[in-house]
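Participant: After the structure tokens below, expect a handful of questions from me.
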Amino acid sequence: MPPMASVLVVEDDQFVRSALIRHLTEASHTVRSVGTALEALREVAHFRFDLVILDLGLPDLDGSEALKMLRGITDVPVIIATARDDEAEIVRLLNDGADDYLTKPFSVEHLSARMAAVLRRARGTAGEAPPSNVLQVGGLSIDPLRRQADLDGARLDLTRREFDLLAFLAGRPGVVVPRRELLAEVWQQSYGDDQTIDVHLSWLRRKLGETAARPRYLHTLRGVGVKLEPPAAEPPR
């Protein structure tokens, strides 16, 4: 069994949902659950999860579409739970960003093994940041190795993607980074929707105590890109 994790269960079948919640809770995991894709999107936008278990047969949106939308806002590991066993569809889901899949019905032992493997990979990747000095931009202190960020001495509660975006910009203080480069380096995508970047910038601004209209650290140059620099009143440290 993997170490304790925060898990979001997205499943509309009440019987299956209850069984998953019971098993995960007994295994000492923290569990939240929803029954629709839109509820799942709201959850990952407001809470930090280590893993999502996503059913494909949701009432409001097909799970494959929900997966694409989830991948637009988070890189949290996703295990697909599906009654479908079509190989071509499973390959497509993995290509669309799923980390693994389980075909229903499955045993709790099988689920535990898949969870352990996915969490090992995710935590291993998070720990692979190369040794580097702490990045300092004004009152921002960013430690890429420990994946921690502080603002004026207070710890920032950032999602994995928010941290990656902030750290990438902090490594180039005062430099305008094109959106295309952000998608390639932070999202590992050669193309994508600019709205994905805008949403994450909006969340980051809120956590940095600023707005797009009154920026302090994050500055957007319309049609060009984004730069991170210390507030005008604060010289670089």
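Scheme for the structure tokens: letters A, B, ... for chains in order shown; per-chain residue numbers from 1; ligand numbers from 1 in order shown.
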DSSP on the backbone, then: every residue of stretch 63-218 of chain A marked alpha helix (DSSP H), written as a ChimeraX atom specification.
Facilitator: /A:63-73,87-95,108-126,160-170,179-185,194-208
Participant: Identify all residues of chain A in strand (DSSP E or B) (DSSP on the backbone) and supply them as a PyMOL selection string.
Facilitator: chain A and resi 6-10+30-34+51-55+78-82+100-103+135-137+140-143+148-151+154-155+177-178+218-221+225-228
Participant: Given the choices A:Phe49, A:Asp60, A:Thr82, A:Leu67, which gets closest to A:Val16 if the distance is worked out from only C-alpha atoms?
Facilitator: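 Smallest separation from A:Val16 among the options: A:Thr82.
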Participant: Work out how far atom CA of A:Leu41 is from atom CA of A:Pro59, in Å to one decimal.
Facilitator: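 Interatomic distance, atom CA of A:Pro59 to atom CA of A:Leu41: 14.3 Å.
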Participant: Between atom CA of A:Arg17 and atom CA of A:Ser33, what distance in Å does the model show, to one decimal?
Facilitator: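 Between atom CA of A:Arg17 and atom CA of A:Ser33 the gap works out to 7.7 Å.
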Participant: Give me the residues of stretch 24-141 of chain A that have any atom at most 12 Å from an atom of stretch 194-207 of chain A; for each, the nearest atom pair and the distance in Å, rounded to one decimal. Use only C-alpha atoms, sort by chain and number, and format it as JSON lines.
Facilitator:
```
{"residue": "A:Ala45", "atom": "CA", "partner": "A:Trp203", "partner_atom": "CA", "distance": 9.2}
{"residue": "A:His46", "atom": "CA", "partner": "A:Trp203", "partner_atom": "CA", "distance": 9.9}
{"residue": "A:Lys68", "atom": "CA", "partner": "A:Thr196", "partner_atom": "CA", "distance": 11.8}
{"residue": "A:Met69", "atom": "CA", "partner": "A:Thr196", "partner_atom": "CA", "distance": 9.9}
{"residue": "A:Leu70", "atom": "CA", "partner": "A:Thr196", "partner_atom": "CA", "distance": 10.7}
{"residue": "A:Arg71", "atom": "CA", "partner": "A:Thr196", "partner_atom": "CA", "distance": 9.6}
{"residue": "A:Gly72", "atom": "CA", "partner": "A:Thr196", "partner_atom": "CA", "distance": 6.0}
{"residue": "A:Ile73", "atom": "CA", "partner": "A:Thr196", "partner_atom": "CA", "distance": 6.4}
{"residue": "A:Thr74", "atom": "CA", "partner": "A:His200", "partner_atom": "CA", "distance": 9.4}
{"residue": "A:Leu140", "atom": "CA", "partner": "A:Lys207", "partner_atom": "CA", "distance": 11.8}
```
Participant: Atoms to include: N, CA and C atoms. Write the selected residues as a tab-separated table (two decimals), in the first residue's frame.
Facilitator:
```tsv
chain	number	residue	atom	x	y	z
A	45	ALA	N	-9.63	22.43	-8.75
A	45	ALA	CA	-9.27	23.86	-8.82
A	45	ALA	C	-9.10	24.45	-7.42
A	46	HIS	N	-9.73	23.83	-6.42
A	46	HIS	CA	-9.71	24.43	-5.08
A	46	HIS	C	-8.97	23.60	-4.03
A	68	LYS	N	-9.47	15.42	-20.44
A	68	LYS	CA	-8.83	16.51	-21.19
A	68	LYS	C	-8.96	17.83	-20.44
A	69	MET	N	-10.12	18.07	-19.85
A	69	MET	CA	-10.34	19.31	-19.11
A	69	MET	C	-9.50	19.33	-17.84
A	70	LEU	N	-9.40	18.20	-17.16
A	70	LEU	CA	-8.55	18.12	-15.97
A	70	LEU	C	-7.10	18.41	-16.32
A	71	ARG	N	-6.65	17.84	-17.44
A	71	ARG	CA	-5.27	18.04	-17.85
A	71	ARG	C	-4.99	19.50	-18.23
A	72	GLY	N	-6.04	20.25	-18.51
A	72	GLY	CA	-5.86	21.67	-18.83
A	72	GLY	C	-5.54	22.50	-17.60
A	73	ILE	N	-5.88	21.98	-16.41
A	73	ILE	CA	-5.68	22.79	-15.20
A	73	ILE	C	-4.79	22.13	-14.15
A	74	THR	N	-4.47	20.84	-14.32
A	74	THR	CA	-3.66	20.18	-13.30
A	74	THR	C	-2.91	19.00	-13.89
A	140	LEU	N	9.91	37.20	-2.77
A	140	LEU	CA	9.65	35.80	-3.12
A	140	LEU	C	10.92	34.97	-2.95
```
Participant: Point out the residue among A:Ala83, A:Leu38, A:Leu119, A:Leu183 with the least atom-to-atom distance to A:Leu51, counting only C-alpha atoms.
Facilitator: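 Under the stated criterion, the closest residue is A:Leu119.
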Participant: Considering only C-alpha atoms, can you say which of A:Ala98, A:Val52, A:Val34, A:Ala19 comes closest to A:Ser64?
Facilitator: A:Ala98
Participant: Mind checking which residues fall within 8 Å of A:Val186, counting only C-alpha atoms, ignoring those fewer than 6 positions away in the same chain, and posting them as a list in words?
Facilitator: Arg161, Asp164, Leu165 and Phe168 of chain A
Participant: Under the rule that only C-alpha atoms are counted, which of A:Gln188, A:Ala170, A:Arg180, A:Pro144 is the nearest residue to A:Leu218?
Facilitator: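 When distances to A:Leu218 are compared using only C-alpha atoms, the smallest one comes from A:Ala170.
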Participant: Would you mind reading off the distance between atom CA of A:Val177 and atom CA of A:Val224, one decimal, in Å?
Facilitator: 7.9 Å
Participant: Can you tell me which residues surround A:Ala167 at a distance of at most 9 Å, considering only C-alpha atoms, apart from same-chain residues fewer than 2 positions away, and format the answer as a PDB file with C-alpha atoms, in the first residue's frame?
Facilitator:
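Saved to out_13.pdb:
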```pdb
ATOM      1  CA  LEU A 135      15.634  31.690  -6.264  1.00  0.00           C
ATOM      2  CA  ILE A 142      11.592  29.755  -4.269  1.00  0.00           C
ATOM      3  CA  ASP A 143      13.394  26.492  -3.548  1.00  0.00           C
ATOM      4  CA  PRO A 144      13.178  24.226  -6.639  1.00  0.00           C
ATOM      5  CA  ARG A 147       9.486  22.609  -4.138  1.00  0.00           C
ATOM      6  CA  ALA A 149       7.865  28.954  -2.137  1.00  0.00           C
ATOM      7  CA  GLU A 162       1.458  26.693 -10.038  1.00  0.00           C
ATOM      8  CA  PHE A 163       4.842  26.019  -8.470  1.00  0.00           C
ATOM      9  CA  ASP A 164       6.349  24.928 -11.800  1.00  0.00           C
ATOM     10  CA  LEU A 165       5.082  28.103 -13.487  1.00  0.00           C
ATOM     11  CA  LEU A 169       9.468  32.559 -14.371  1.00  0.00           C
ATOM     12  CA  ALA A 170      11.589  33.183 -11.257  1.00  0.00           C
ATOM     13  CA  GLY A 171      14.529  31.574 -13.003  1.00  0.00           C
ATOM     14  CA  ARG A 172      14.276  34.350 -15.623  1.00  0.00           C
TER      15      ARG A 172
END
```
Participant: Go through A:Leu156, A:Ala116, A:Val7, A:Ile80 and flag the residue nearest A:Leu208, using only C-alpha atoms for the distances.
Facilitator: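 Answer, going by the shortest atom-to-atom distance: A:Leu156.
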